Amino acid sequence: MKEFKTESKKLLDLMINSIYTNREIFLRELISNASDAVDKLYFQSLTNPDMNFAPDELHIQVSWDEEARTVTVSDNGIGMDEEGLDNNLGTIAHSDSMEFKNDEEKQSEDIDIIGQFGVGFYSAFMVGDLVTVITKPYGSDQAWKWTSTGVDGYTVEPTEKEGWGTDVIVHLRPDTDEEKYGEFLNEHSLKSLIRRYSNYVRYPIMMECEHSRELPKPEDAGDDYKPEYEQYTELETVNSRIPIWKRKKSEVTDEEYNEFYKTTFHDYADPLKTISFHAEGAISYDVLLFIPSRAPFDLYSKEYKKGLQLYSSNVLIMDKCEDLLFDHFNFVKGVVDSQDLTLNISRETLQQNNQLRAIAKRIDKKITQALESMRDNERDKYEEFFAAFGRTLKYGIYSSYGMKKDQLGGLMLFHSAKEGKLVTLDEYLANCPEDQENIYYATGESIERLSTLPMVKSVLNRGYDVLLCCEDVDEFCMISIDIYNEKQLRNVADADLGLETEEEKQEAEEATKSNEALFAAMQEALGDKVTKVAVSPRLVDVPAALSAEGPVSLEMEKMMAMMPDADGSVKASRVLEINAKHPVFATLQVAQEVGDTEKVSLYTSLLYNQALLMEGMPIDDPVAFSEAIAKLMK
């Protein structure tokens with residue numbers, strides 16, 4: 001029995017129990033080691049014409065034995081002699097692959113060594129209580145057997161083996177339950193793990209797969225004959241080998257991209273857009289992205305997790321790397337593959353976040369460009385996209401406090417009251433009159449309701465368009481944008497939009513002055529429900545309407561009141577605007593002149609509640625409102 005050269009049982013225990021968070025990773029690690037061994041042999045064949053094998057003979061094989069409880073990963077790569085076993089398997093954290101990779105004389109575009117740390121092999125002890133390695137170097141007549149149960153050390157002895165290469169045999173722990181390790185002892189599960197983690201290893205990964213075939217029908221079989229089948233096994237390749245993202249875009253059809261997307265990301269619908277690019281520089285990487293055609297049901301839930309699949313040298317490192325996507329594009333699916341990433345020792349995370357940040361910024365820019373192109377050249381498709389994911393873009397502007405408005409503002413779509421269709425902010429500005437100083441919008445529950453609001457009509461009557469916004473985030477998004485292309489965004493429900501002419505202002509001032517007593521009585525009737533009652537020069541066909549002063553709009557008050565922890569403390573400073581030219585106002589004037597304070601109070605309450613209803617806001621006292629209507633009708 002030989003001791004590991006680190007002379008540290010604690011270190012090996014750390015390797016087995018602490019480094020890896022997912023025990024099934026052991027299969028990925030053993031396959032990666034096998035791929036490295038085959039790569040090394042292939043490299044030698046490039047410089048040694050005496051090596052007598054065909055490159056297409058190189059492969060990896062995975063097999064299992066349910067009775068013996070073993071999983072075996074075999075390769076016909078370079079193999080190891082006794083010294084190699086001592087150096088590579090007897091010394092923890094020694095990486096022969098890393099030395100090979102760093103040897104300048106062995107640099108080649110055809111070589112893609114995966115291993116770096118020399119610890120992946122020991123992940124086998126997470127699931128196995130005994131690991132046996134049988135190996136024979138290429139060109140040698142002597143094979144060697146390495147055996148270890150873990151921290152107690154290992155043995156090396158001569159053995160027999162047909163052909164060259166290495167077999168790693170992992171004996172699964174006998175005291176483990178079926179639920180924990182049974183997945184490693186059947187064809188379906190092993191195939192699934194190989195395709196998940198090692199699907200794009202460049203060499204064929206072979207497995208003996210079971211199939212069935214129908215036996216020939218006997219000549220004397222009657223009409224009631226039932227077909228009979230026989231089972232047989234066949235060695236077949238289970239990995240795809242060449243990643244779709246490594247192929248030239250001109251060589252991949254839309255159907256192939258769509259099928260890859262649906263299979264990999266479990267969607268039944270084709271993606272709306274596919275983005276593929278290669279980047280070179282300090283970090284070289286390949287990226288394949290998909291913009292889905294529909295939002296997943298949990299997109300806006302706490303359980304939803306964004307991220308792209310991260311590969312290093314065609315081996316899956318992370319299924320969802322969150323750092324590769326900014327939140328405003330969290331719906332994007334895809335793959336990033338780079339051999340230049342600085343991984344941690346388990347190859348499950350990365351050591352240098354600045355590498356990820358650089359890639360994420362490039363990805364962010366590419367997605368933005370793709371969406372801009374879709375917006376300008378495939379408008380119907382873009383509107384379909386925006387219906388599914390526009391809310392996410394709006395949250396991106398709001399959550400960044402407007403810092404992302406230059407990037408995302410141009411991607412916004414809002415319903416134009418004048419055009420009757422969705423428009424961008426740039427299209428809105430292109431169609432507005434030269435004297436228009438602001439971008440006007442209204443927020444509410446629906447297009448239909450908003451289009452009938454008095455404040456919307458008053459802006460439209462002056463020749464200015466209004467953007468009708470119906471999502472709960474719209475109000476916060478518009479406030480966060482604040483200014484777009486030097487135009488201030490203004491809610492039409494603001495108390496002072498400044499659209500009145502000097503003549504209209506003068507008329508309003510005169511009406512207010514001549515009816516001071518009436519407005520004082522109306523203010524007294526409403527109490528602290530409103531901050532003031534004022535004549536409005538912008539109302540046309542309604543007697544009264546509500547507006548708001550200050551930073552809290554009426555729509556914002558509604559949304560805040562709907563939140564789970566709402567205590568009703570967030571209130572807009574409400575202004576009851578009165579149309580002094582409406583017949584109802586004349587009735588109020590008469591009641592004030594004859595001293596009928598009860599009627600003034602009654603009518604004022606009715607006007608206020610009507611204005612609330614028009615804004616889609618709840619009435620404070622529905623019973624009192626009903627009684628007031630009944631009293632008026634009587």
# chains A, B, ... in the order shown; residues from 1 in each chain; ligands from 1
$ closest_atom_pairs --of "stretch 287-363 of chain A" --to "stretch 371-390 of chain A" --cutoff "7 Å" --atoms "only C-alpha atoms" --output "Markdown table"
| residue | atom | partner | partner_atom | distance |
| --- | --- | --- | --- | --- |
| A:Ser293 | CA | A:Phe385 | CA | 6.3 |
| A:Arg294 | CA | A:Ala388 | CA | 5.7 |
| A:Ala295 | CA | A:Ala388 | CA | 5.5 |
$ write_last_selection --atoms "N, CA, C and O atoms" --output "tab-separated table (two decimals), in the first residue's frame"
chain	number	residue	atom	x	y	z
A	293	SER	N	-40.39	33.25	-27.70
A	293	SER	CA	-41.60	33.86	-28.26
A	293	SER	C	-42.68	34.04	-27.20
A	293	SER	O	-43.68	34.71	-27.45
A	294	ARG	N	-42.47	33.46	-26.04
A	294	ARG	CA	-43.46	33.58	-24.97
A	294	ARG	C	-42.75	33.62	-23.63
A	294	ARG	O	-41.65	33.08	-23.47
A	295	ALA	N	-43.39	34.25	-22.67
A	295	ALA	CA	-42.81	34.36	-21.33
A	295	ALA	C	-43.13	33.10	-20.53
A	295	ALA	O	-44.26	32.60	-20.58
$ select_by_dssp --residues "stretch 362-552 of chain A" --states "alpha helix (DSSP H)" --output "MDAnalysis selection string"
chainID A and resid 362:377 379:399 405:408 425:431 447:451 454:461 474:481 502:514 516:526
$ residues_around --residues "A:Gly77" --least-positions-apart "4" --cutoff "6 Å" --atoms "only C-alpha atoms" --output "list in words"
Ala37, Val38, Leu41 and Gly165 of chain A
$ write_last_selection --atoms "N, CA and C atoms" --output "PDB file, in the first residue's frame"
ATOM      1  N   ALA A  37      -6.852  12.473 -22.211  1.00  0.00           N
ATOM      2  CA  ALA A  37      -5.939  11.380 -22.548  1.00  0.00           C
ATOM      3  C   ALA A  37      -5.955  11.091 -24.048  1.00  0.00           C
ATOM      4  N   VAL A  38      -7.135  11.138 -24.645  1.00  0.00           N
ATOM      5  CA  VAL A  38      -7.236  10.918 -26.087  1.00  0.00           C
ATOM      6  C   VAL A  38      -6.604  12.074 -26.850  1.00  0.00           C
ATOM      7  N   LEU A  41      -2.822  11.652 -26.994  1.00  0.00           N
ATOM      8  CA  LEU A  41      -2.418  10.652 -27.985  1.00  0.00           C
ATOM      9  C   LEU A  41      -2.552  11.216 -29.397  1.00  0.00           C
ATOM     10  N   GLY A 165      -4.760   2.484 -23.577  1.00  0.00           N
ATOM     11  CA  GLY A 165      -5.752   3.381 -23.002  1.00  0.00           C
ATOM     12  C   GLY A 165      -5.982   3.106 -21.525  1.00  0.00           C
TER      13      GLY A 165
END
$ residues_around --residues "A:Ile619" --least-positions-apart "2" --cutoff "12 Å" --atoms "only C-alpha atoms" --output "PyMOL selection string"
chain A and resi 529+605-617+621-626
$ residues_around --residues "stretch 479-484 of chain A" --least-positions-apart "4" --cutoff "9 Å" --atoms "only C-alpha atoms" --output "ChimeraX atom specification"
/A:397-406,409,425-426,438-439,474-475,488-490
$ closest_atom_pairs --of "stretch 241-311 of chain A" --to "stretch 201-206 of chain A" --cutoff "12 Å" --atoms "only C-alpha atoms" --output "tab-separated table"
residue	atom	partner	partner_atom	distance
A:Arg241	CA	A:Arg202	CA	4.7
A:Ile242	CA	A:Arg202	CA	6.4
A:Pro243	CA	A:Val201	CA	8.7
A:Lys246	CA	A:Arg202	CA	11.4
A:Tyr311	CA	A:Val201	CA	10.8
$ select_by_dssp --residues "stretch 359-461 of chain A" --states "strand (DSSP E or B)" --output "number ranges by chain"
A: 414-416, 422-423, 438-443
$ residues_around --residues "A:Leu526" --least-positions-apart "3" --cutoff "12 Å" --atoms "only C-alpha atoms" --output "PyMOL selection string"
chain A and resi 519-523+529-533+574-576+600-609+620
$ write_last_selection --atoms "C-alpha atoms" --output "PDB file, in the first residue's frame"
ATOM      1  CA  PHE A 519     -65.126  77.409  -3.828  1.00  0.00           C
ATOM      2  CA  ALA A 520     -64.566  77.990  -0.117  1.00  0.00           C
ATOM      3  CA  ALA A 521     -67.849  76.193   0.625  1.00  0.00           C
ATOM      4  CA  MET A 522     -66.901  73.297  -1.687  1.00  0.00           C
ATOM      5  CA  GLN A 523     -63.477  73.030  -0.046  1.00  0.00           C
ATOM      6  CA  LYS A 529     -60.027  64.854   0.758  1.00  0.00           C
ATOM      7  CA  VAL A 530     -58.581  67.467  -1.609  1.00  0.00           C
ATOM      8  CA  THR A 531     -55.913  70.093  -1.239  1.00  0.00           C
ATOM      9  CA  LYS A 532     -57.927  72.585  -3.229  1.00  0.00           C
ATOM     10  CA  VAL A 533     -60.883  73.180  -5.538  1.00  0.00           C
ATOM     11  CA  ARG A 574     -55.782  65.683  -4.984  1.00  0.00           C
ATOM     12  CA  VAL A 575     -57.174  68.712  -6.773  1.00  0.00           C
ATOM     13  CA  LEU A 576     -60.849  68.867  -7.759  1.00  0.00           C
ATOM     14  CA  VAL A 600     -73.805  72.894  -2.327  1.00  0.00           C
ATOM     15  CA  SER A 601     -72.367  70.217  -0.067  1.00  0.00           C
ATOM     16  CA  LEU A 602     -74.468  67.491  -1.725  1.00  0.00           C
ATOM     17  CA  TYR A 603     -73.488  68.479  -5.278  1.00  0.00           C
ATOM     18  CA  THR A 604     -69.847  68.894  -4.324  1.00  0.00           C
ATOM     19  CA  SER A 605     -69.770  65.383  -2.856  1.00  0.00           C
ATOM     20  CA  LEU A 606     -71.392  63.990  -6.004  1.00  0.00           C
ATOM     21  CA  LEU A 607     -68.921  65.728  -8.287  1.00  0.00           C
ATOM     22  CA  TYR A 608     -65.985  64.478  -6.235  1.00  0.00           C
ATOM     23  CA  ASN A 609     -67.225  60.879  -6.256  1.00  0.00           C
ATOM     24  CA  ASP A 620     -64.917  56.473   0.229  1.00  0.00           C
TER      25      ASP A 620
END
